[in-house]
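Coordinates from entry.txt are shown below (compact mmCIF, C-alpha atoms).
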```txt
# COMPACT_ATOMS: atom_id res chain seq x y z
CA MET A 62 -5.53 29.39 3.22
CA SER A 63 -8.32 29.69 0.66
CA GLU A 64 -7.81 27.28 -2.20
CA GLN A 65 -10.55 28.87 -4.27
CA PHE A 66 -8.71 32.16 -4.67
CA MET A 67 -5.12 30.92 -4.71
CA THR A 68 -3.03 32.49 -7.44
CA PRO A 69 0.15 31.07 -8.99
CA GLU A 70 2.15 33.60 -6.98
CA GLU A 71 0.48 32.52 -3.73
CA MET A 72 1.18 28.90 -4.59
CA ALA A 73 4.84 29.66 -5.18
CA SER A 74 5.12 31.55 -1.89
CA HIS A 75 4.64 28.27 0.00
CA LEU A 76 7.70 26.70 -1.61
CA VAL A 77 11.25 27.04 -0.30
CA PHE A 78 12.72 27.47 -3.80
CA HIS A 79 12.19 30.10 -6.45
CA VAL A 80 9.59 29.22 -9.09
CA LYS A 81 10.53 30.82 -12.38
CA GLN A 82 7.98 32.55 -14.57
CA ALA A 83 8.69 30.00 -17.30
CA ALA A 84 7.62 27.26 -14.89
CA ILE A 85 4.44 29.18 -14.03
CA ASP A 86 3.74 29.47 -17.75
CA ASP A 87 4.13 25.71 -18.25
CA LEU A 88 1.98 24.98 -15.20
CA THR A 89 -0.69 27.34 -16.53
CA ARG A 90 -0.70 25.61 -19.91
CA PHE A 91 -0.88 22.21 -18.22
CA GLY A 92 -3.93 23.40 -16.29
CA GLN A 93 -5.58 24.61 -19.47
CA ILE A 94 -5.08 21.29 -21.25
CA LEU A 95 -6.22 19.37 -18.17
CA SER A 96 -9.43 21.41 -17.98
CA GLU A 97 -10.17 20.81 -21.67
CA ARG A 98 -9.45 17.07 -21.60
CA ASN A 99 -11.24 16.57 -18.29
CA GLU A 100 -14.57 17.30 -19.94
CA VAL A 101 -14.32 14.03 -21.85
CA MET A 102 -11.81 11.95 -19.89
CA ASN A 103 -12.70 12.52 -16.23
CA LEU A 104 -9.05 12.80 -15.21
CA VAL A 105 -9.75 14.63 -11.94
CA GLY A 106 -12.89 15.53 -10.04
CA PRO A 107 -14.54 18.42 -11.92
CA ALA A 108 -15.03 20.33 -8.66
CA THR A 109 -11.25 20.46 -8.16
CA ILE A 110 -10.50 22.27 -11.44
CA PRO A 111 -11.19 25.77 -9.99
CA HIS A 112 -8.76 24.89 -7.18
CA TYR A 113 -6.01 23.84 -9.58
CA TRP A 114 -3.19 25.87 -8.03
CA SER A 115 -3.80 24.71 -4.46
CA ARG A 116 -5.40 21.28 -4.75
CA HIS A 117 -3.15 20.00 -7.52
CA VAL A 118 -0.06 22.15 -8.13
CA LEU A 119 0.87 23.05 -4.56
CA ASP A 120 -0.03 19.56 -3.39
CA SER A 121 2.46 18.14 -5.89
CA ALA A 122 5.16 20.80 -5.73
CA GLN A 123 5.53 20.59 -1.95
CA LEU A 124 7.40 17.31 -2.45
CA LEU A 125 10.41 19.30 -3.66
CA ASN A 126 10.43 21.18 -0.35
CA HIS A 127 11.20 17.85 1.29
CA ALA A 128 13.44 16.24 -1.35
CA PRO A 129 15.24 19.09 -3.14
CA ASP A 130 18.23 16.96 -4.17
CA ALA A 131 16.20 14.16 -5.75
CA ARG A 132 16.71 14.21 -9.49
CA THR A 133 14.97 11.02 -10.64
CA TRP A 134 11.40 10.29 -9.65
CA ALA A 135 8.90 7.53 -10.38
CA ASP A 136 5.24 8.53 -10.11
CA LEU A 137 3.16 5.39 -9.66
CA GLY A 138 -0.40 5.57 -10.94
CA ALA A 139 0.47 8.90 -12.54
CA GLY A 140 -3.12 9.43 -13.72
CA ALA A 141 -3.72 13.09 -14.55
CA GLY A 142 -0.09 13.98 -13.84
CA PHE A 143 -0.09 14.71 -10.13
CA PRO A 144 2.46 14.87 -8.75
CA GLY A 145 4.65 13.71 -11.65
CA VAL A 146 3.97 16.30 -14.33
CA VAL A 147 4.24 19.16 -11.83
CA LEU A 148 7.57 17.79 -10.64
CA ALA A 149 8.81 17.44 -14.22
CA ILE A 150 7.89 21.05 -14.98
CA LEU A 151 9.72 22.33 -11.91
CA LEU A 152 12.75 20.15 -12.60
CA LYS A 153 12.83 21.36 -16.20
CA HIS A 154 13.22 24.93 -14.99
CA SER A 155 15.48 24.25 -12.00
CA SER A 156 18.83 23.51 -13.63
CA THR A 157 20.36 26.86 -12.60
CA ASP A 158 18.58 27.23 -9.27
CA PRO A 159 20.96 26.37 -6.40
CA ALA A 160 18.07 26.12 -3.95
CA ILE A 161 16.71 23.09 -5.75
CA LEU A 162 19.84 21.70 -7.41
CA SER A 163 22.74 20.44 -5.34
CA PRO A 164 26.31 20.98 -6.66
CA ASP A 165 26.84 17.29 -7.42
CA SER A 166 23.50 16.74 -9.14
CA SER A 167 23.07 16.29 -12.87
CA PRO A 168 21.85 19.43 -14.65
CA ALA A 169 18.45 17.94 -15.43
CA GLY A 170 16.15 15.70 -13.50
CA HIS A 171 13.79 13.11 -14.92
CA VAL A 172 10.36 11.81 -13.98
CA TYR A 173 8.91 8.43 -14.95
CA LEU A 174 5.13 8.63 -15.26
CA ILE A 175 3.80 5.11 -14.78
CA ASP A 176 0.16 4.18 -15.33
CA SER A 177 -1.62 1.02 -16.41
CA LEU A 178 -4.41 2.76 -18.37
CA ALA A 179 -3.59 3.54 -21.98
CA LYS A 180 -5.90 6.58 -22.24
CA ARG A 181 -4.19 8.24 -19.29
CA CYS A 182 -0.80 7.52 -20.82
CA ARG A 183 -1.91 9.12 -24.10
CA PHE A 184 -2.89 12.24 -22.16
CA LEU A 185 0.40 12.28 -20.26
CA SER A 186 2.38 11.78 -23.47
CA GLU A 187 0.58 14.76 -25.01
CA ILE A 188 1.57 16.93 -22.04
CA VAL A 189 5.18 15.74 -22.09
CA ARG A 190 5.48 16.47 -25.84
CA GLU A 191 3.77 19.87 -25.77
CA LEU A 192 5.73 21.18 -22.78
CA GLY A 193 9.01 19.50 -23.62
CA LEU A 194 9.28 17.87 -20.23
CA PRO A 195 12.11 15.69 -18.89
CA ALA A 196 9.74 12.76 -18.44
CA THR A 197 9.03 9.29 -19.77
CA VAL A 198 5.54 7.81 -19.89
CA ILE A 199 5.35 4.08 -19.15
CA ASN A 200 2.09 2.25 -19.86
CA ASP A 201 2.46 -0.67 -17.45
CA ARG A 202 1.67 -1.87 -13.97
CA ALA A 203 3.99 -0.33 -11.39
CA GLU A 204 5.01 -3.66 -9.87
CA THR A 205 6.35 -4.89 -13.23
CA VAL A 206 8.52 -1.86 -13.92
CA SER A 207 12.26 -2.15 -13.17
CA LEU A 208 13.90 1.23 -12.61
CA LYS A 209 16.48 2.76 -10.30
CA VAL A 210 15.32 6.19 -9.11
CA ASP A 211 15.98 8.49 -6.19
CA VAL A 212 12.34 8.75 -5.14
CA VAL A 213 9.14 6.83 -5.71
CA THR A 214 5.96 8.84 -5.20
CA ALA A 215 2.21 8.45 -5.58
CA ARG A 216 -1.01 10.30 -4.86
CA ALA A 217 -4.36 8.58 -4.34
CA MET A 218 -3.11 5.37 -5.94
CA ALA A 219 -3.74 2.83 -3.18
CA PRO A 220 -3.71 2.40 0.62
CA LEU A 221 -0.19 2.21 2.01
CA PRO A 222 -0.09 -1.60 2.54
CA LYS A 223 -0.80 -2.18 -1.16
CA LEU A 224 1.28 0.77 -2.31
CA LEU A 225 4.39 -0.60 -0.64
CA GLY A 226 3.90 -3.80 -2.62
CA PHE A 227 3.56 -1.90 -5.88
CA ALA A 228 6.74 0.03 -5.09
CA GLU A 229 8.77 -2.85 -3.67
CA GLY A 230 11.03 -3.13 -6.70
CA PHE A 231 11.93 0.55 -6.50
CA PHE A 232 12.72 0.32 -2.79
CA LYS A 233 14.97 -2.69 -3.44
CA ARG A 234 16.95 -0.55 -5.88
CA GLY A 235 17.55 2.15 -3.30
CA ALA A 236 14.63 4.53 -3.71
CA GLU A 237 13.02 6.39 -0.85
CA GLY A 238 9.31 7.10 -0.78
CA TRP A 239 7.73 10.54 -0.62
CA LEU A 240 4.00 9.94 -0.68
CA LEU A 241 0.97 12.22 -0.64
CA LYS A 242 -1.57 10.70 1.73
CA GLY A 243 -4.92 11.69 3.22
CA GLU A 244 -6.63 11.79 6.57
CA ASN A 245 -6.33 8.01 7.14
CA THR A 246 -2.54 8.08 7.13
CA ASP A 247 -2.07 6.87 10.70
CA ALA A 248 -4.37 3.88 10.20
CA GLU A 249 -2.66 2.99 6.93
CA ILE A 250 0.77 3.04 8.56
CA ILE A 251 -0.41 0.79 11.39
CA GLU A 252 -1.93 -1.68 8.93
CA ALA A 253 1.14 -1.61 6.68
CA HIS A 254 3.39 -2.52 9.61
CA GLN A 255 1.56 -5.85 9.85
CA HIS A 256 3.13 -6.87 6.54
CA TRP A 257 6.14 -4.57 6.10
CA SER A 258 9.10 -3.30 8.07
CA PHE A 259 9.83 0.35 7.31
CA GLN A 260 10.54 3.77 8.77
CA ALA A 261 7.89 6.45 8.28
CA GLU A 262 7.94 10.14 9.04
CA LYS A 263 4.89 12.38 8.56
CA PHE A 264 4.72 16.05 7.65
CA PRO A 265 1.67 18.34 7.41
CA SER A 266 0.42 18.92 3.87
CA LEU A 267 0.59 22.50 2.60
CA SER A 268 -2.47 21.98 0.42
CA ASP A 269 -4.91 20.32 2.84
CA PRO A 270 -4.82 20.35 6.66
CA ARG A 271 -6.16 16.79 6.63
CA GLY A 272 -3.38 15.52 4.38
CA ARG A 273 0.14 14.32 5.12
CA VAL A 274 3.39 14.02 3.23
CA VAL A 275 4.91 10.70 4.25
CA HIS A 276 8.61 9.85 3.99
CA ILE A 277 9.20 6.10 3.73
CA ARG A 278 12.61 4.44 4.12
CA SER A 279 14.22 1.07 4.80
CA VAL A 280 11.35 -0.95 3.36
CA ARG A 281 11.35 -4.72 3.47
CA ARG A 282 8.77 -7.44 3.92
CA ALA A 283 8.08 -8.36 7.53
CA LYS A 284 9.24 -11.81 8.55
```
Is it possible to express this structure as structure tokens?
Amino acid sequence: MSEQFMTPEEMASHLVFHVKQAAIDDLTRFGQILSERNEVMNLVGPATIPHYWSRHVLDSAQLLNHAPDARTWADLGAGAGFPGVVLAILLKHSSTDPAILSPDSSPAGHVYLIDSLAKRCRFLSEIVRELGLPATVINDRAETVSLKVDVVTARAMAPLPKLLGFAEGFFKRGAEGWLLKGENTDAEIIEAHQHWSFQAEKFPSLSDPRGRVVHIRSVRRAK
């Protein structure tokens, strides 16, 4: 899979649910704003901008392949909006799609974009307003936020041992974790088990053969 030449249609072909044209339009606009703001804000690595549809959108969207019934998400260290903004866009356009909306789910999902840096939150708020997304931006440290959500997620926020600490409050309120991790996933899981008791299941990433999507459940501090 060549990330350099990936089109929106190729990105969507890797997902198990239909991606509406309206969602593609919102994702395209998000990419345009990100590229413009990145010149002055350094939101993502400049070299990744040409690979937007594979490196960023597909990487984020694949979470809904694994958790299609999750309607409320908390993105810790939301940064440039990956995966949270991508999830919010797809949830916005999924209310009539039975492949991504279970019969007993509410008609609209919601994503909480949590970041401790004010400038990132201003950027995220701009995106949420312009695209009319079902999302709330929270300028705070993740470990101080008290929310009940279906899923807590993060990408490139912290190694797993620290990330579990940041997300502990969410796990206590019943959330599961769906995390985007890199090539050191196995080592991070081993280290995390020194301080935490949890169940972890790994899946290959669709966006990077070195990456993993990690499902975390039953989290509690080790005795």
- Name the residues in contact with Met67 in chain A at a cut-off of 9 Å, using all atoms listed in the file, excluding same-chain residues fewer than 5 positions from it; report them as a PyMOL selection string. chain A and resi 62+72+112-115
Could you please take those selected residues and save C-alpha atoms as a compact mmCIF listing (two decimals), in the coordinates of the input?
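Saved result, again-v7.txt, follows:
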```txt
# COMPACT_ATOMS: atom_id res chain seq x y z
CA MET A 62 -5.53 29.39 3.22
CA MET A 72 1.18 28.90 -4.59
CA HIS A 112 -8.76 24.89 -7.18
CA TYR A 113 -6.01 23.84 -9.58
CA TRP A 114 -3.19 25.87 -8.03
CA SER A 115 -3.80 24.71 -4.46
```
Starting from 6 Å padding per side, set up an axis-aligned box that covers all listed atoms of range 224-239 of chain A and hand over centre and edge lengths in Å, one decimal, as JSON.
```
{"center_x": 9.4, "center_y": 3.4, "center_z": -3.7, "size_x": 28.3, "size_y": 26.3, "size_z": 18.1}
```
- Item | Nearest residue to Met102 in chain A from the set A:Val80, A:Lys180, A:Asp86, A:Leu174 (distances using only C-alpha atoms) | A:Lys180
- Task: Pull the neighbourhood of (7.4, 7.5, -12.8) for me: all residues within 6 Å in file coordinates, counting only C-alpha atoms, as a VMD selection string.
- Result: chain A and resid 134 to 137 172 to 175
Based on the selection just made, write C-alpha atoms of those residues as an mmCIF file, in the coordinates of the input.
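And here is the file that came out, again36.cif:
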```
data_model
loop_
_atom_site.group_PDB
_atom_site.id
_atom_site.type_symbol
_atom_site.label_atom_id
_atom_site.label_comp_id
_atom_site.auth_asym_id
_atom_site.auth_seq_id
_atom_site.Cartn_x
_atom_site.Cartn_y
_atom_site.Cartn_z
ATOM 1 C CA TRP A 134 11.400 10.290 -9.650
ATOM 2 C CA ALA A 135 8.900 7.530 -10.380
ATOM 3 C CA ASP A 136 5.240 8.530 -10.110
ATOM 4 C CA LEU A 137 3.160 5.390 -9.660
ATOM 5 C CA VAL A 172 10.360 11.810 -13.980
ATOM 6 C CA TYR A 173 8.910 8.430 -14.950
ATOM 7 C CA LEU A 174 5.130 8.630 -15.260
ATOM 8 C CA ILE A 175 3.800 5.110 -14.780
#
```
- Query: Which residue gives the smallest distance to Asp211 in chain A among A:Ala141, A:Leu267, A:Val274, A:Ala128, with all atoms listed in the file counted?
  - Reply: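 Among the listed residues, A:Ala128 lies closest to Asp211 in chain A.
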- Item | Interatomic distance, CA of Lys153 in chain A to CA of Ser74 in chain A (Å, one decimal) | 19.2 Å
- Exercise: Leu148 in chain A partners within 10 Å, all atoms listed in the file, chain neighbours under 3 positions left out, as a PyMOL selection string: chain A and resi 118+121-125+132+134+136+142-145+151-153+170-172+194-196
- Message: Quick check, in Å to one decimal: how far apart do CA of Leu240 in chain A and CA of Thr89 in chain A lie?
- Response: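 Separation of CA of Leu240 in chain A and CA of Thr89 in chain A: 24.0 Å.
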- Task: Rank nothing, just name the residue among A:Phe91, A:Phe78, A:Trp239, A:Phe264 nearest to Ser155 in chain A, using all atoms listed in the file.
- Result: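 When distances to Ser155 in chain A are compared using all atoms listed in the file, the smallest one comes from A:Phe78.
Non-sequential neighbours of Ile250 in chain A (distance at most 10 Å, separation of 3 or more positions within a chain, only C-alpha atoms) are Pro220, Leu221, Pro222, Asn245, Thr246, Asp247, Ala253, His254, Gln255, Trp257, Phe259, Gln260, Ala261 and Val275 of chain A.
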File dump, residues just selected, C-alpha atoms, as a PDB file, keeping the file's coordinate frame:
```
ATOM      1  CA  PRO A 220      -3.710   2.400   0.620  1.00  0.00           C
ATOM      2  CA  LEU A 221      -0.190   2.210   2.010  1.00  0.00           C
ATOM      3  CA  PRO A 222      -0.090  -1.600   2.540  1.00  0.00           C
ATOM      4  CA  ASN A 245      -6.330   8.010   7.140  1.00  0.00           C
ATOM      5  CA  THR A 246      -2.540   8.080   7.130  1.00  0.00           C
ATOM      6  CA  ASP A 247      -2.070   6.870  10.700  1.00  0.00           C
ATOM      7  CA  ALA A 253       1.140  -1.610   6.680  1.00  0.00           C
ATOM      8  CA  HIS A 254       3.390  -2.520   9.610  1.00  0.00           C
ATOM      9  CA  GLN A 255       1.560  -5.850   9.850  1.00  0.00           C
ATOM     10  CA  TRP A 257       6.140  -4.570   6.100  1.00  0.00           C
ATOM     11  CA  PHE A 259       9.830   0.350   7.310  1.00  0.00           C
ATOM     12  CA  GLN A 260      10.540   3.770   8.770  1.00  0.00           C
ATOM     13  CA  ALA A 261       7.890   6.450   8.280  1.00  0.00           C
ATOM     14  CA  VAL A 275       4.910  10.700   4.250  1.00  0.00           C
TER      15      VAL A 275
END
```
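Closest to Leu95 in chain A among A:Ile188, A:Ala283, A:Ala73, A:Val210 is A:Ile188, based on all atoms listed in the file.
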